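K.L.:
Next comes the structure file target25.csv, holding CSV, C-alpha atoms.
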chain,number,residue,atom,x,y,z
A,122,MET,CA,16.0,128.8,26.9
A,123,THR,CA,13.8,127.9,29.9
A,124,LEU,CA,15.6,126.5,33.0
A,125,PRO,CA,13.9,123.9,35.3
A,126,ALA,CA,12.9,125.3,38.7
A,127,ASP,CA,15.8,123.4,40.3
A,128,TYR,CA,18.2,125.8,38.6
A,129,ILE,CA,16.5,129.2,39.0
A,130,GLY,CA,18.6,131.5,41.2
A,131,ARG,CA,21.4,129.0,41.6
A,132,ARG,CA,25.0,128.9,40.4
A,133,VAL,CA,25.4,125.9,38.1
A,134,ASP,CA,28.4,123.9,36.8
A,135,VAL,CA,29.0,122.2,33.5
A,136,LEU,CA,28.3,118.5,33.7
A,137,ALA,CA,31.7,116.8,33.3
A,138,PHE,CA,30.3,113.3,33.2
A,139,GLN,CA,27.5,113.1,30.6
A,140,GLY,CA,24.7,110.5,31.0
A,141,ALA,CA,24.1,110.8,34.8
A,142,THR,CA,20.7,109.9,36.2
A,143,ALA,CA,19.2,110.7,39.6
A,144,THR,CA,18.5,107.0,40.3
A,145,GLY,CA,19.8,103.7,38.9
A,146,SER,CA,22.9,102.9,37.1
A,147,ALA,CA,24.2,104.7,34.0
A,148,LEU,CA,27.5,104.4,32.0
A,149,LEU,CA,28.9,107.9,32.0
A,150,GLU,CA,31.0,109.6,29.3
A,151,GLN,CA,33.7,112.0,30.5
A,152,ALA,CA,33.0,114.9,28.2
A,153,LEU,CA,32.0,118.6,28.5
A,154,LEU,CA,29.9,118.2,25.3
A,155,GLY,CA,27.7,115.1,24.9
A,156,SER,CA,25.7,114.1,21.9
A,157,ALA,CA,23.0,116.5,23.0
A,158,GLY,CA,25.4,119.4,23.7
A,159,ALA,CA,26.6,120.8,27.0
A,160,SER,CA,24.6,120.0,30.1
A,161,ILE,CA,24.6,121.7,33.5
A,162,CYS,CA,24.1,120.5,37.0
A,163,ALA,CA,23.3,122.0,40.5
A,164,GLY,CA,22.5,120.6,43.9
A,165,VAL,CA,23.7,117.3,45.0
A,166,GLN,CA,24.8,116.3,41.5
A,167,LYS,CA,27.1,119.3,41.4
A,168,LEU,CA,28.5,118.3,44.8
A,169,ALA,CA,29.1,114.7,43.8
A,170,GLN,CA,30.8,115.8,40.6
A,171,ARG,CA,33.1,118.1,42.6
A,172,TRP,CA,33.9,115.3,45.0
A,173,VAL,CA,34.7,112.8,42.2
A,174,ILE,CA,36.9,115.2,40.3
A,175,ALA,CA,38.9,116.1,43.4
A,176,PHE,CA,39.2,112.5,44.5
A,177,LEU,CA,40.5,111.3,41.0
A,178,GLN,CA,42.9,114.3,40.6
A,179,ASP,CA,46.5,113.5,41.5
A,180,LYS,CA,47.5,115.6,44.5
A,181,GLY,CA,50.0,118.3,43.4
A,182,SER,CA,49.1,118.0,39.7
A,183,ALA,CA,47.4,121.5,39.6
A,184,VAL,CA,50.0,124.1,38.8
A,185,CYS,CA,47.9,126.9,40.4
A,186,ASP,CA,47.1,124.9,43.5
A,187,ALA,CA,49.5,122.1,44.6
A,188,GLY,CA,47.3,121.2,47.5
A,189,ARG,CA,44.3,120.3,45.4
A,190,GLY,CA,43.5,116.6,44.6
A,191,ALA,CA,44.1,113.4,46.5
A,192,THR,CA,46.7,110.7,47.0
A,193,PHE,CA,44.4,107.8,45.9
A,194,MET,CA,45.2,107.7,42.2
A,195,PRO,CA,48.9,108.0,42.6
A,196,ARG,CA,48.8,105.1,45.0
A,197,ALA,CA,46.7,103.1,42.5
A,198,LYS,CA,49.1,104.0,39.6
A,199,ALA,CA,52.1,102.9,41.7
A,200,GLY,CA,50.6,99.5,42.3
A,201,LEU,CA,50.2,100.0,46.1
A,202,LEU,CA,46.5,98.9,46.3
A,203,ARG,CA,46.7,95.1,46.3
A,204,THR,CA,44.2,94.2,49.0
A,205,GLU,CA,40.8,95.5,50.2
A,206,LEU,CA,42.5,96.8,53.4
A,207,ASP,CA,45.0,98.7,51.2
A,208,VAL,CA,42.1,100.3,49.3
A,209,ARG,CA,40.1,101.1,52.5
A,210,GLN,CA,43.1,102.8,54.0
A,211,ALA,CA,44.0,104.8,50.9
A,212,PHE,CA,40.4,105.8,50.5
A,213,ALA,CA,40.1,107.0,54.1
A,214,ILE,CA,43.2,109.2,53.7
A,215,ALA,CA,42.2,110.6,50.3
A,216,ALA,CA,38.5,111.1,51.2
A,217,ALA,CA,39.5,113.0,54.4
A,218,ASP,CA,41.7,115.3,52.3
A,219,VAL,CA,39.0,115.9,49.7
A,220,SER,CA,36.5,116.6,52.4
A,221,THR,CA,38.8,119.3,53.9
A,222,GLN,CA,39.4,120.8,50.5
A,223,LEU,CA,35.7,121.0,49.6
A,224,LYS,CA,34.6,122.4,53.0
A,225,GLU,CA,37.3,125.1,52.8
A,226,ALA,CA,36.0,126.1,49.4
A,227,GLU,CA,32.4,126.4,50.7
A,228,ALA,CA,30.6,129.6,51.7
A,229,GLU,CA,27.9,129.9,54.3
A,230,ALA,CA,25.6,131.2,51.5
A,231,ASP,CA,26.0,128.1,49.4
A,232,PRO,CA,22.9,125.9,49.3
A,233,ALA,CA,22.9,123.0,51.8
A,234,ASP,CA,22.5,120.4,49.0
A,235,GLU,CA,25.8,121.6,47.5
A,236,ARG,CA,27.8,121.4,50.7
A,237,LEU,CA,29.5,118.2,51.8
A,238,ASP,CA,28.4,116.3,54.9
A,239,GLU,CA,30.3,113.1,54.2
A,240,ALA,CA,31.6,110.7,51.6
A,241,GLU,CA,31.2,107.0,52.6
A,242,LEU,CA,32.8,104.0,50.9
A,243,LEU,CA,30.0,101.5,50.4
A,244,ASP,CA,31.6,98.8,48.3
A,245,ILE,CA,34.9,97.7,46.7
A,246,GLY,CA,35.2,95.5,43.7
A,247,LEU,CA,38.8,94.3,43.4
A,248,VAL,CA,39.6,92.4,40.2
A,249,LEU,CA,42.8,91.7,38.3
A,250,GLY,CA,43.8,95.0,36.6
A,251,GLY,CA,41.4,97.2,38.4
A,252,LEU,CA,38.9,98.0,41.1
A,253,THR,CA,35.6,99.8,41.4
A,254,LEU,CA,34.6,102.0,44.3
A,255,SER,CA,30.9,102.7,45.2
A,256,VAL,CA,30.9,105.9,47.2
A,257,ARG,CA,27.9,107.7,48.7
A,258,VAL,CA,28.4,111.5,48.7
A,259,THR,CA,25.9,113.1,51.1
A,260,SER,CA,25.1,116.8,51.3
A,261,LEU,CA,24.3,118.8,54.4
A,262,ALA,CA,20.7,118.8,53.2
A,263,GLY,CA,20.7,115.0,53.6
A,264,ASN,CA,20.4,114.0,49.9
A,265,SER,CA,23.0,111.9,48.2
A,266,ARG,CA,24.4,110.5,45.0
A,267,THR,CA,26.4,107.2,44.7
A,268,PRO,CA,28.9,107.3,42.0
A,269,LEU,CA,30.7,104.1,40.9
A,270,LEU,CA,34.3,104.8,40.2
A,271,PRO,CA,36.2,102.4,37.9
A,272,ILE,CA,39.9,102.6,38.8
A,273,PRO,CA,42.7,101.0,36.8
A,274,LEU,CA,45.5,99.4,38.8
A,275,SER,CA,49.2,99.0,37.9
A,276,PRO,CA,50.5,95.5,38.2
Would you write the structure of this file as structure tokens?
P.N.:
Amino acid sequence: MTLPADYIGRRVDVLAFQGATATGSALLEQALLGSAGASICAGVQKLAQRWVIAFLQDKGSAVCDAGRGATFMPRAKAGLLRTELDVRQAFAIAAADVSTQLKEAEAEADPADERLDEAELLDIGLVLGGLTLSVRVTSLAGNSRTPLLPIPLSP
């Protein structure tokens, strides 16, 4: 197996959301094995994936690390996100927590495109039964990915 130059000499991660593209929109499948088998990621895609997983994980749900995760999804499940202001406030709190977690897990030797600079909420789509968040995740190298997160809401 020959790896593309982007992966040589780097630590990679299994791609948890299959179907990602560098630009444009794509419907992703949450699976470690897609129709083409397992895929890997590195760089800003790896960073964006780590951010999304931490953001969507309920804080305290990891048995081995109760501090991992964020408070956003528990608030959504509890029906506490009813207005755009509610969403913005919950996002700010959760994103700050995730930022701290990712930065604490970084090492100086990690590549700049895998280290978090910021995660910025770009857009909120609030509809009956759910919302979508468009978030730009930017690395210290200055490159970014913009995942679109569909979030179900409790009534």
K.L.:
Hey, what's within 10 Å of range 174-186 of chain A if we count all atoms listed in the file and toss same-chain stuff fewer than 3 positions away? As number ranges by chain, please?
P.N.:
A: 137-138, 169-171, 189-196, 212, 215-220, 222-223, 270, 272
K.L.:
Find the residues near Thr253 in chain A: any atom within 10 Å, counting only C-alpha atoms, skip ones fewer than 2 places away on the same chain, and give them as a VMD selection string.
P.N.:
chain A and resid 244 to 248 251 255 to 256 269 to 273
K.L.:
Please report the interatomic distance between CA of Thr259 in chain A and CA of Gln210 in chain A in Å with one decimal.
P.N.:
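Separating CA of Thr259 in chain A from CA of Gln210 in chain A is a distance of 20.3 Å.
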K.L.:
Could you please determine the separation between CA of Pro268 in chain A and CA of Ile161 in chain A in Å, to one decimal place?
P.N.:
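Going from CA of Pro268 in chain A over to CA of Ile161 in chain A, I get 17.3 Å.
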K.L.:
What's the separation between CA of Leu254 in chain A and CA of Glu241 in chain A, in Å to one decimal place?
P.N.:
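Distance reported for this atom pair: 10.3 Å.
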K.L.:
Name all residues at most 12 Å from range 233-239 of chain A (count all atoms listed in the file; drop same-chain ones fewer than 6 positions away) and give them as a ChimeraX atom specification.
P.N.:
/A:127,131-134,162-172,213,216-227,256-267
